[in-house]
>>> print(open('structure-v1.cif').read())   # mmCIF, C-alpha atoms and all ligand atoms
data_model
loop_
_atom_site.label_atom_id
_atom_site.label_comp_id
_atom_site.auth_asym_id
_atom_site.auth_seq_id
_atom_site.Cartn_x
_atom_site.Cartn_y
_atom_site.Cartn_z
CA MET A 283 39.60 129.89 36.18
CA LEU A 284 42.74 128.51 37.84
CA GLU A 285 44.24 125.72 35.81
CA ILE A 286 47.08 123.45 36.89
CA ARG A 287 48.24 121.49 33.88
CA ASN A 288 50.47 118.40 34.12
CA VAL A 289 52.70 119.77 36.86
CA ASN A 290 55.78 117.77 37.83
CA LYS A 291 58.16 119.04 40.49
CA SER A 292 61.39 117.61 41.91
CA PHE A 293 63.78 118.70 44.64
CA TRP A 294 67.40 117.72 45.08
CA ILE A 295 67.59 116.01 48.44
CA ASP A 296 70.88 114.43 49.58
CA SER A 297 72.33 114.80 46.03
CA LYS A 298 69.42 112.83 44.63
CA GLU A 299 66.62 114.19 42.50
CA VAL A 300 63.37 113.30 44.25
CA GLN A 301 60.05 113.70 42.49
CA ILE A 302 57.68 115.53 44.82
CA LEU A 303 54.66 116.26 42.58
CA LYS A 304 53.68 113.93 39.76
CA ASP A 305 51.44 114.92 36.91
CA ILE A 306 49.12 117.21 38.87
CA SER A 307 46.23 118.53 36.79
CA LEU A 308 43.32 120.40 38.32
CA LYS A 309 40.88 123.10 37.25
CA VAL A 310 39.34 125.35 39.88
CA ALA A 311 36.32 127.37 38.78
CA PRO A 312 35.88 131.04 39.76
CA GLY A 313 34.35 131.25 43.23
CA GLU A 314 34.96 127.58 43.96
CA PHE A 315 36.30 126.31 47.32
CA VAL A 316 38.69 123.38 46.88
CA SER A 317 40.62 121.63 49.65
CA LEU A 318 43.79 119.57 49.36
CA VAL A 319 44.29 116.75 51.83
CA GLY A 320 47.12 114.23 52.04
CA MET A 321 49.74 112.90 54.40
CA SER A 322 52.53 115.09 55.70
CA GLY A 323 55.24 115.60 53.09
CA CYS A 324 53.07 114.75 50.07
CA GLY A 325 53.72 118.15 48.49
CA LYS A 326 50.69 120.29 49.40
CA THR A 327 52.70 123.35 50.46
CA THR A 328 54.99 122.87 47.49
CA LEU A 329 51.97 123.01 45.17
CA LEU A 330 50.62 126.18 46.83
CA ARG A 331 54.05 127.81 46.46
CA LEU A 332 53.99 127.05 42.73
CA ILE A 333 50.49 128.55 42.38
CA VAL A 334 51.45 131.68 44.29
CA GLY A 335 54.52 132.07 42.07
CA LEU A 336 57.19 131.70 44.77
CA ASP A 337 58.87 128.83 42.91
CA GLU A 338 59.03 128.68 39.12
CA GLU A 339 61.23 125.61 38.74
CA TYR A 340 58.78 122.93 37.66
CA ASP A 341 57.50 121.22 34.54
CA GLY A 342 54.00 121.86 33.22
CA GLY A 343 51.97 125.02 33.53
CA ILE A 344 49.79 126.91 35.97
CA PHE A 345 47.37 129.44 34.51
CA LEU A 346 45.05 132.02 36.04
CA GLY A 347 42.48 133.50 33.68
CA GLY A 348 44.38 131.90 30.78
CA GLU A 349 47.70 133.60 31.67
CA LYS A 350 50.69 131.60 32.83
CA ILE A 351 51.63 132.42 36.42
CA LYS A 352 55.01 134.09 36.71
CA GLY A 353 56.24 135.35 40.09
CA PRO A 354 54.09 136.62 42.95
CA SER A 355 51.20 138.97 42.23
CA ARG A 356 48.44 140.71 44.17
CA LYS A 357 46.01 138.59 42.16
CA ARG A 358 47.03 135.62 44.30
CA GLY A 359 46.81 135.91 48.07
CA ILE A 360 48.10 133.43 50.63
CA VAL A 361 47.37 132.76 54.30
CA PHE A 362 49.69 130.56 56.34
CA GLN A 363 49.18 128.61 59.55
CA GLU A 364 50.55 131.52 61.57
CA PRO A 365 49.33 135.08 60.89
CA ARG A 366 52.77 136.61 60.08
CA LEU A 367 51.73 140.16 61.02
CA PHE A 368 54.30 142.90 61.65
CA PRO A 369 54.14 143.36 65.45
CA TRP A 370 55.29 147.01 65.31
CA LEU A 371 52.41 148.07 63.03
CA SER A 372 48.73 148.46 63.88
CA VAL A 373 46.19 145.95 62.57
CA GLU A 374 44.93 148.52 60.06
CA ARG A 375 48.46 149.23 58.79
CA ASN A 376 49.22 145.52 58.45
CA VAL A 377 46.15 145.13 56.25
CA SER A 378 46.76 148.24 54.14
CA LEU A 379 50.36 147.13 53.43
CA ALA A 380 48.93 144.44 51.17
CA LEU A 381 47.74 147.15 48.77
CA GLY A 382 49.82 148.77 46.05
CA ASP A 383 50.73 152.49 46.37
CA GLN A 384 47.99 153.50 43.93
CA GLN A 385 45.35 151.37 45.64
CA ARG A 386 46.37 152.66 49.09
CA LYS A 387 45.51 156.25 48.18
CA HIS A 388 41.84 155.32 48.03
CA ALA A 389 42.07 152.54 50.54
CA SER A 390 40.76 153.61 53.90
CA GLY A 391 37.21 152.51 53.00
CA THR A 392 38.45 149.19 51.58
CA VAL A 393 40.62 148.42 54.61
CA GLN A 394 37.76 149.29 56.97
CA LYS A 395 35.35 147.14 54.96
CA HIS A 396 37.68 144.14 55.17
CA LEU A 397 38.28 144.57 58.90
CA GLU A 398 34.50 144.57 59.32
CA LEU A 399 34.21 141.52 57.07
CA VAL A 400 36.48 139.51 59.37
CA GLY A 401 34.87 140.82 62.57
CA LEU A 402 37.69 143.17 63.67
CA LYS A 403 35.78 146.44 63.67
CA GLY A 404 37.08 148.54 66.55
CA PHE A 405 40.53 146.91 66.51
CA GLU A 406 42.02 149.09 63.77
CA ARG A 407 44.62 150.82 65.97
CA VAL A 408 45.47 147.81 68.09
CA SER A 409 48.88 146.11 67.89
CA PRO A 410 48.90 142.47 66.72
CA LYS A 411 50.47 141.58 70.09
CA GLN A 412 47.16 142.50 71.74
CA LEU A 413 45.14 140.06 69.63
CA SER A 414 44.28 136.42 70.40
CA GLY A 415 45.42 133.75 67.93
CA GLY A 416 41.99 133.62 66.28
CA MET A 417 41.80 137.41 66.00
CA ALA A 418 45.31 137.62 64.54
CA GLN A 419 44.33 135.02 61.94
CA ARG A 420 41.23 137.11 61.10
CA ALA A 421 43.59 140.04 60.48
CA ALA A 422 45.64 137.79 58.18
CA PHE A 423 42.44 136.95 56.23
CA ALA A 424 41.66 140.67 55.89
CA ARG A 425 45.20 141.36 54.67
CA ALA A 426 44.95 138.55 52.13
CA LEU A 427 41.57 139.69 50.80
CA VAL A 428 41.97 143.48 50.79
CA ALA A 429 43.66 143.56 47.37
CA ALA A 430 40.71 141.54 45.95
CA PRO A 431 42.78 138.56 44.76
CA ASP A 432 41.36 136.28 42.06
CA VAL A 433 42.41 133.31 44.14
CA LEU A 434 43.22 132.89 47.82
CA LEU A 435 45.55 130.07 48.87
CA LEU A 436 45.27 128.85 52.44
CA ASP A 437 47.96 126.62 53.98
CA GLU A 438 46.46 125.03 57.10
CA PRO A 439 45.03 128.47 58.01
CA LEU A 440 43.25 127.25 61.14
CA GLY A 441 45.85 124.65 62.15
CA ALA A 442 47.30 126.59 65.08
CA LEU A 443 43.96 127.34 66.78
CA ASP A 444 42.37 125.47 69.69
CA ALA A 445 39.52 123.11 68.79
CA LEU A 446 36.62 125.42 69.70
CA THR A 447 38.09 128.53 68.06
CA ARG A 448 38.83 126.41 65.03
CA ILE A 449 35.20 125.32 64.62
CA HIS A 450 34.08 128.93 65.05
CA MET A 451 36.65 130.13 62.51
CA GLN A 452 35.54 127.46 60.01
CA ARG A 453 32.07 129.03 60.06
CA GLU A 454 33.63 132.46 59.74
CA LEU A 455 35.77 131.38 56.81
CA GLU A 456 32.69 129.93 55.08
CA ARG A 457 30.83 133.21 55.62
CA ILE A 458 33.77 135.30 54.35
CA TRP A 459 34.04 133.08 51.26
CA GLN A 460 30.29 133.40 50.60
CA GLU A 461 30.43 137.20 50.96
CA GLU A 462 33.60 137.77 48.93
CA LYS A 463 33.05 134.99 46.36
CA THR A 464 36.83 134.56 46.09
CA THR A 465 38.18 131.31 44.65
CA MET A 466 39.84 129.42 47.50
CA VAL A 467 42.34 126.56 47.56
CA MET A 468 42.93 125.34 51.11
CA VAL A 469 45.35 122.78 52.50
CA THR A 470 44.11 121.13 55.68
CA HIS A 471 44.86 118.07 57.81
CA ASP A 472 41.34 118.14 59.21
CA ILE A 473 39.04 116.01 57.08
CA ASP A 474 35.89 117.36 58.75
CA GLU A 475 37.06 120.89 57.95
CA ALA A 476 37.68 119.97 54.31
CA ILE A 477 34.20 118.44 53.93
CA GLN A 478 32.57 121.25 55.90
CA LEU A 479 33.94 124.01 53.65
CA SER A 480 34.68 122.63 50.21
CA ASP A 481 32.90 122.21 46.92
CA ARG A 482 35.50 119.53 46.12
CA VAL A 483 38.15 117.72 48.15
CA VAL A 484 41.34 116.68 46.35
CA VAL A 485 42.98 113.66 47.99
CA MET A 486 46.71 113.36 47.36
CA SER A 487 49.05 110.42 47.85
CA SER A 488 52.72 110.79 48.78
CA ARG A 489 56.12 110.03 47.30
CA PRO A 490 55.50 111.32 44.72
CA GLY A 491 52.47 113.51 45.43
CA GLU A 492 49.73 112.53 43.00
CA ILE A 493 46.02 113.24 42.87
CA LYS A 494 44.34 110.04 44.03
CA GLU A 495 40.73 111.17 43.90
CA ILE A 496 38.71 114.35 43.56
CA ILE A 497 35.54 114.13 45.65
CA PRO A 498 32.68 116.55 44.96
CA ILE A 499 30.83 117.56 48.13
CA ALA A 500 27.24 118.12 47.10
CA LEU A 501 25.84 118.46 50.65
CA PRO A 502 23.69 121.52 51.42
CA ARG A 503 25.32 124.25 53.59
CA PRO A 504 25.71 124.71 56.50
CA ARG A 505 26.80 121.08 56.79
CA ASP A 506 26.14 118.71 59.64
CA ASN A 507 29.22 116.62 60.39
CA LYS A 508 27.09 114.00 62.11
CA SER A 509 24.81 113.38 59.13
CA HIS A 510 24.97 110.05 57.33
CA ASP A 511 26.05 111.58 54.01
CA PHE A 512 28.85 113.54 55.70
CA LEU A 513 30.20 110.40 57.38
CA VAL A 514 30.08 108.43 54.13
CA ILE A 515 32.34 111.03 52.50
CA LYS A 516 34.61 111.14 55.54
CA ASN A 517 35.08 107.36 55.40
CA GLN A 518 35.78 107.57 51.67
CA ILE A 519 38.63 110.03 52.36
CA LEU A 520 39.91 108.13 55.40
CA ALA A 521 40.18 104.96 53.32
CA HIS A 522 42.90 106.67 51.25
CA PHE A 523 44.85 107.59 54.39
CA GLN A 524 44.47 104.06 55.72
CA SER A 525 45.91 102.48 52.59
CA GLN A 526 48.80 105.01 52.58
CA ALA A 527 49.62 104.39 56.24
CA LYS A 528 49.68 100.66 55.56
CA GLN A 529 51.86 101.08 52.49
CA TYR A 530 54.49 103.37 54.04
CA PHE A 531 54.54 102.65 57.75
CA SER A 532 52.85 99.22 58.00
CA TRP A 533 50.37 100.88 60.34
CA GLU A 534 46.78 99.78 60.73
CA ILE A 535 44.56 102.76 61.50
N1 LIG B 601 63.16 123.65 49.41
C1 LIG B 601 63.14 122.31 49.48
N2 LIG B 601 64.24 121.59 49.19
C2 LIG B 601 64.23 120.25 49.23
N3 LIG B 601 63.15 119.52 49.55
C3 LIG B 601 62.01 120.18 49.85
C4 LIG B 601 61.94 121.61 49.83
N4 LIG B 601 60.68 121.97 50.17
C5 LIG B 601 60.02 120.82 50.39
N5 LIG B 601 60.80 119.75 50.20
C6 LIG B 601 60.40 118.34 50.30
O1 LIG B 601 59.24 118.17 49.53
C7 LIG B 601 58.33 117.28 50.18
C8 LIG B 601 56.98 117.94 50.25
O2 LIG B 601 57.04 119.04 51.15
P1 LIG B 601 55.77 119.93 51.47
O3 LIG B 601 56.20 120.94 52.46
O4 LIG B 601 55.18 120.39 50.19
O5 LIG B 601 54.79 118.86 52.13
P2 LIG B 601 53.34 119.06 52.75
O6 LIG B 601 52.41 118.14 52.03
O7 LIG B 601 53.00 120.49 52.78
O8 LIG B 601 53.55 118.51 54.25
P3 LIG B 601 52.88 118.98 55.61
O9 LIG B 601 51.51 118.39 55.62
O10 LIG B 601 53.75 118.37 56.67
O11 LIG B 601 52.90 120.48 55.66
C9 LIG B 601 58.95 116.93 51.51
O12 LIG B 601 59.50 115.65 51.37
C10 LIG B 601 60.02 117.96 51.72
O13 LIG B 601 61.10 117.40 52.41
MG MG B 602 52.70 121.89 54.30
#
>>> encode(input="structure-v1.cif", output="structure tokens", more="lines below")
Ligand SMILES: Nc1ncnc2c1ncn2[C@@H]1O[C@H](COP(=O)(O)OP(=O)(O)OP(=O)(O)O)[C@@H](O)[C@H]1O
Ligand SMILES: [Mg+2]
Amino acid sequence: MLEIRNVNKSFWIDSKEVQILKDISLKVAPGEFVSLVGMSGCGKTTLLRLIVGLDEEYDGGIFLGGEKIKGPSRKRGIVFQEPRLFPWLSVERNVSLALGDQQRKHASGTVQKHLELVGLKGFERVSPKQLSGGMAQRAAFARALVAAPDVLLLDEPLGALDALTRIHMQRELERIWQEEKTTMVMVTHDIDEAIQLSDRVVVMSSRPGEIKEIIPIALPRPRDNKSHDFLVIKNQILAHFQSQAKQYFSWEI
């Protein structure tokens, strides 16, 4: 279980203390897929950085399996919008680097298994420069999963892909999640993607970032984004964005 308990986070911006996250509390069950959506700047990446242990300056607590998170650990993986592979190392080497020295000794089977899981069998010796964007992101998924993390954090993982590759990769991500049963917390700007993949969608507001609503998605998988029930949920989420846009920018959308 991942538990975020009453988290408050501020940054000093222009010599002023600005509250970025306000009283965030959320429990994510083992194997659950949760998405975070909210307007740009509402603190989604900041929250993922706290969960991964890259920033420990906040109030409240974040616990994984009952233990307070302190610093980065192989138990918590992260995938960013861009794959961040080392271009001078092969795909296989990039993935195996995510393992500890001990794990690496017995790793060739594990690395191979994860390259197969993400559909990169046969590309072990290839340089990341020879991969397409979608393939490179698959390698990043393999690298994030190879150490068998308890939770995988995804920060707009498909955001840099073209529309068709993105839809294909959404299906792939759903399959990978179903096979690995890893707990996933994903930030996305794509509401369809959030509904397509998640057990629950967390809608955040900005300035400060607060949880506005947590929407359970009880639709059977694979989901049809043209179905009535899907569109009802989509409109429910969009209504939050509409009221925010009105509040902050006087936009009507
Ligand atoms: N290191 C930092 N120092 C000061 N302010 C920061 C720092 N990191 C983030 N912020 C501020 O915190 C707020 C939230 O940033 P964050 O990157 O978490 O937003 P986000 O929801 O991920 O946005 P986006 O959807 O655009 O990625 C922003 O106003 C940003 O300017
Ligand atoms: Mg962000």
>>> residues_around(input="structure-v1.cif", residues="region 388-404 of chain A", least_positions_apart="6", cutoff="12 Å", atoms="all atoms listed in the file", output="ChimeraX atom specification")
/A:372-382,410,413-414,416-430,451,453-462
>>> atom_distance(input="structure-v1.cif", atom1="CA of Pro431 (chain A)", atom2="CA of Thr464 (chain A)")
7.3 Å
>>> closest_residue(input="structure-v1.cif", among="A:Ala521, A:Leu336, A:Val469, A:Ile351", to="ligand MG 602 (chain B)", atoms="all atoms listed in the file")
A:Val469
>>> residues_near_ligand(input="structure-v1.cif", ligand="ligand LIG 601 (chain B)", cutoff="6 Å", atoms="all atoms listed in the file", output="mmCIF file with C-alpha atoms, keeping the file's coordinate frame")
data_model
loop_
_atom_site.group_PDB
_atom_site.id
_atom_site.type_symbol
_atom_site.label_atom_id
_atom_site.label_comp_id
_atom_site.auth_asym_id
_atom_site.auth_seq_id
_atom_site.Cartn_x
_atom_site.Cartn_y
_atom_site.Cartn_z
ATOM 1 C CA PHE A 293 63.780 118.700 44.640
ATOM 2 C CA TRP A 294 67.400 117.720 45.080
ATOM 3 C CA ILE A 295 67.590 116.010 48.440
ATOM 4 C CA ILE A 302 57.680 115.530 44.820
ATOM 5 C CA MET A 321 49.740 112.900 54.400
ATOM 6 C CA SER A 322 52.530 115.090 55.700
ATOM 7 C CA GLY A 323 55.240 115.600 53.090
ATOM 8 C CA CYS A 324 53.070 114.750 50.070
ATOM 9 C CA GLY A 325 53.720 118.150 48.490
ATOM 10 C CA LYS A 326 50.690 120.290 49.400
ATOM 11 C CA THR A 327 52.700 123.350 50.460
ATOM 12 C CA THR A 328 54.990 122.870 47.490
#
>>> atom_distance(input="structure-v1.cif", atom1="CA of Arg366 (chain A)", atom2="CA of Thr470 (chain A)")
18.3 Å
>>> residues_around(input="structure-v1.cif", residues="region 503-520 of chain A", least_positions_apart="4", cutoff="12 Å", atoms="all atoms listed in the file", output="PyMOL selection string")
chain A and resi 318-321+449+452-454+456-457+460+471-487+494-499+524-527+535
>>> atom_distance(input="structure-v1.cif", atom1="CA of Val310 (chain A)", atom2="CA of Leu443 (chain A)")
27.4 Å
>>> closest_residue(input="structure-v1.cif", among="A:Pro490, A:Pro439, A:Pro354, A:Pro502", to="ligand MG 602 (chain B)", atoms="all atoms listed in the file")
A:Pro439
>>> closest_residue(input="structure-v1.cif", among="A:Phe345, A:Tyr340, A:Phe362, A:Phe531", to="ligand MG 602 (chain B)", atoms="all atoms listed in the file")
A:Phe362
>>> closest_residue(input="structure-v1.cif", among="A:Asp437, A:Glu492, A:Glu339, A:Asp444", to="ligand MG 602 (chain B)", atoms="all atoms listed in the file")
A:Asp437
>>> closest_residue(input="structure-v1.cif", among="A:Ser297, A:Thr447, A:Gln363, A:Asn290", to="ligand MG 602 (chain B)", atoms="all atoms listed in the file")
A:Gln363
>>> closest_residue(input="structure-v1.cif", among="A:Glu364, A:Glu299, A:Glu349, A:Glu438", to="ligand MG 602 (chain B)", atoms="only C-alpha atoms and all ligand atoms")
A:Glu438
>>> decode(input="structure-v1.cif", residues="region 481-493 of chain A", atoms="all heavy atoms", output="short mmCIF file (atom, residue, chain, number, x, y, z; two decimals), in the first residue's frame")
data_model
loop_
_atom_site.label_atom_id
_atom_site.label_comp_id
_atom_site.auth_asym_id
_atom_site.auth_seq_id
_atom_site.Cartn_x
_atom_site.Cartn_y
_atom_site.Cartn_z
N ASP A 481 -7.80 2.69 -12.58
CA ASP A 481 -8.85 2.25 -11.66
C ASP A 481 -9.51 3.47 -11.00
O ASP A 481 -10.69 3.45 -10.69
CB ASP A 481 -8.25 1.36 -10.57
CG ASP A 481 -7.68 0.08 -11.16
OD1 ASP A 481 -8.35 -0.52 -12.01
OD2 ASP A 481 -6.56 -0.30 -10.78
N ARG A 482 -8.68 4.51 -10.78
CA ARG A 482 -9.22 5.77 -10.23
C ARG A 482 -8.47 6.94 -10.85
O ARG A 482 -7.27 6.85 -11.10
CB ARG A 482 -9.04 5.83 -8.70
CG ARG A 482 -9.98 4.87 -7.96
CD ARG A 482 -9.87 5.04 -6.47
NE ARG A 482 -8.55 4.68 -5.99
CZ ARG A 482 -8.01 5.15 -4.87
NH1 ARG A 482 -8.68 6.01 -4.11
NH2 ARG A 482 -6.81 4.75 -4.48
N VAL A 483 -9.20 8.03 -11.07
CA VAL A 483 -8.58 9.26 -11.57
C VAL A 483 -8.67 10.33 -10.48
O VAL A 483 -9.75 10.60 -9.96
CB VAL A 483 -9.28 9.76 -12.86
CG1 VAL A 483 -8.67 11.09 -13.32
CG2 VAL A 483 -9.17 8.72 -13.97
N VAL A 484 -7.52 10.89 -10.13
CA VAL A 484 -7.46 11.93 -9.11
C VAL A 484 -7.40 13.28 -9.82
O VAL A 484 -6.46 13.54 -10.58
CB VAL A 484 -6.21 11.75 -8.22
CG1 VAL A 484 -6.10 12.88 -7.20
CG2 VAL A 484 -6.23 10.39 -7.55
N VAL A 485 -8.41 14.11 -9.61
CA VAL A 485 -8.44 15.43 -10.25
C VAL A 485 -7.91 16.46 -9.26
O VAL A 485 -8.41 16.57 -8.14
CB VAL A 485 -9.88 15.81 -10.67
CG1 VAL A 485 -9.87 17.14 -11.43
CG2 VAL A 485 -10.50 14.72 -11.52
N MET A 486 -6.87 17.20 -9.71
CA MET A 486 -6.27 18.21 -8.82
C MET A 486 -6.61 19.62 -9.30
O MET A 486 -6.76 19.86 -10.49
CB MET A 486 -4.75 18.04 -8.78
CG MET A 486 -4.31 16.78 -8.04
SD MET A 486 -2.52 16.55 -8.11
CE MET A 486 -1.93 17.99 -7.21
N SER A 487 -6.72 20.53 -8.35
CA SER A 487 -6.86 21.95 -8.70
C SER A 487 -5.51 22.62 -8.49
O SER A 487 -4.61 22.03 -7.89
CB SER A 487 -7.90 22.60 -7.79
OG SER A 487 -7.41 22.58 -6.47
N SER A 488 -5.37 23.87 -8.98
CA SER A 488 -4.06 24.52 -8.83
C SER A 488 -4.08 25.67 -7.84
O SER A 488 -5.13 26.19 -7.50
CB SER A 488 -3.53 25.04 -10.16
OG SER A 488 -4.42 24.91 -11.18
N ARG A 489 -2.86 26.02 -7.44
CA ARG A 489 -2.57 27.21 -6.63
C ARG A 489 -3.43 27.32 -5.38
O ARG A 489 -4.30 28.17 -5.32
CB ARG A 489 -2.73 28.48 -7.48
CG ARG A 489 -1.89 28.45 -8.71
CD ARG A 489 -2.14 29.70 -9.49
NE ARG A 489 -1.78 29.50 -10.87
CZ ARG A 489 -1.97 30.39 -11.83
NH1 ARG A 489 -2.53 31.53 -11.56
NH2 ARG A 489 -1.60 30.14 -13.04
N PRO A 490 -3.23 26.57 -4.39
CA PRO A 490 -2.32 25.43 -4.29
C PRO A 490 -2.96 24.16 -4.87
O PRO A 490 -4.18 24.10 -5.02
CB PRO A 490 -2.14 25.29 -2.77
CG PRO A 490 -3.43 25.76 -2.21
CD PRO A 490 -3.90 26.86 -3.12
N GLY A 491 -2.11 23.18 -5.18
CA GLY A 491 -2.60 21.91 -5.70
C GLY A 491 -3.32 21.13 -4.61
O GLY A 491 -2.74 20.80 -3.57
N GLU A 492 -4.60 20.91 -4.86
CA GLU A 492 -5.42 20.15 -3.89
C GLU A 492 -6.15 19.06 -4.64
O GLU A 492 -6.43 19.23 -5.84
CB GLU A 492 -6.49 21.07 -3.31
CG GLU A 492 -6.08 21.88 -2.13
CD GLU A 492 -7.28 22.69 -1.62
OE1 GLU A 492 -7.62 23.71 -2.24
OE2 GLU A 492 -7.86 22.30 -0.60
N ILE A 493 -6.53 17.99 -3.94
CA ILE A 493 -7.36 16.98 -4.59
C ILE A 493 -8.79 17.47 -4.61
O ILE A 493 -9.38 17.76 -3.56
CB ILE A 493 -7.25 15.62 -3.86
CG1 ILE A 493 -5.82 15.08 -4.02
CG2 ILE A 493 -8.27 14.63 -4.43
CD1 ILE A 493 -5.56 13.74 -3.35
#
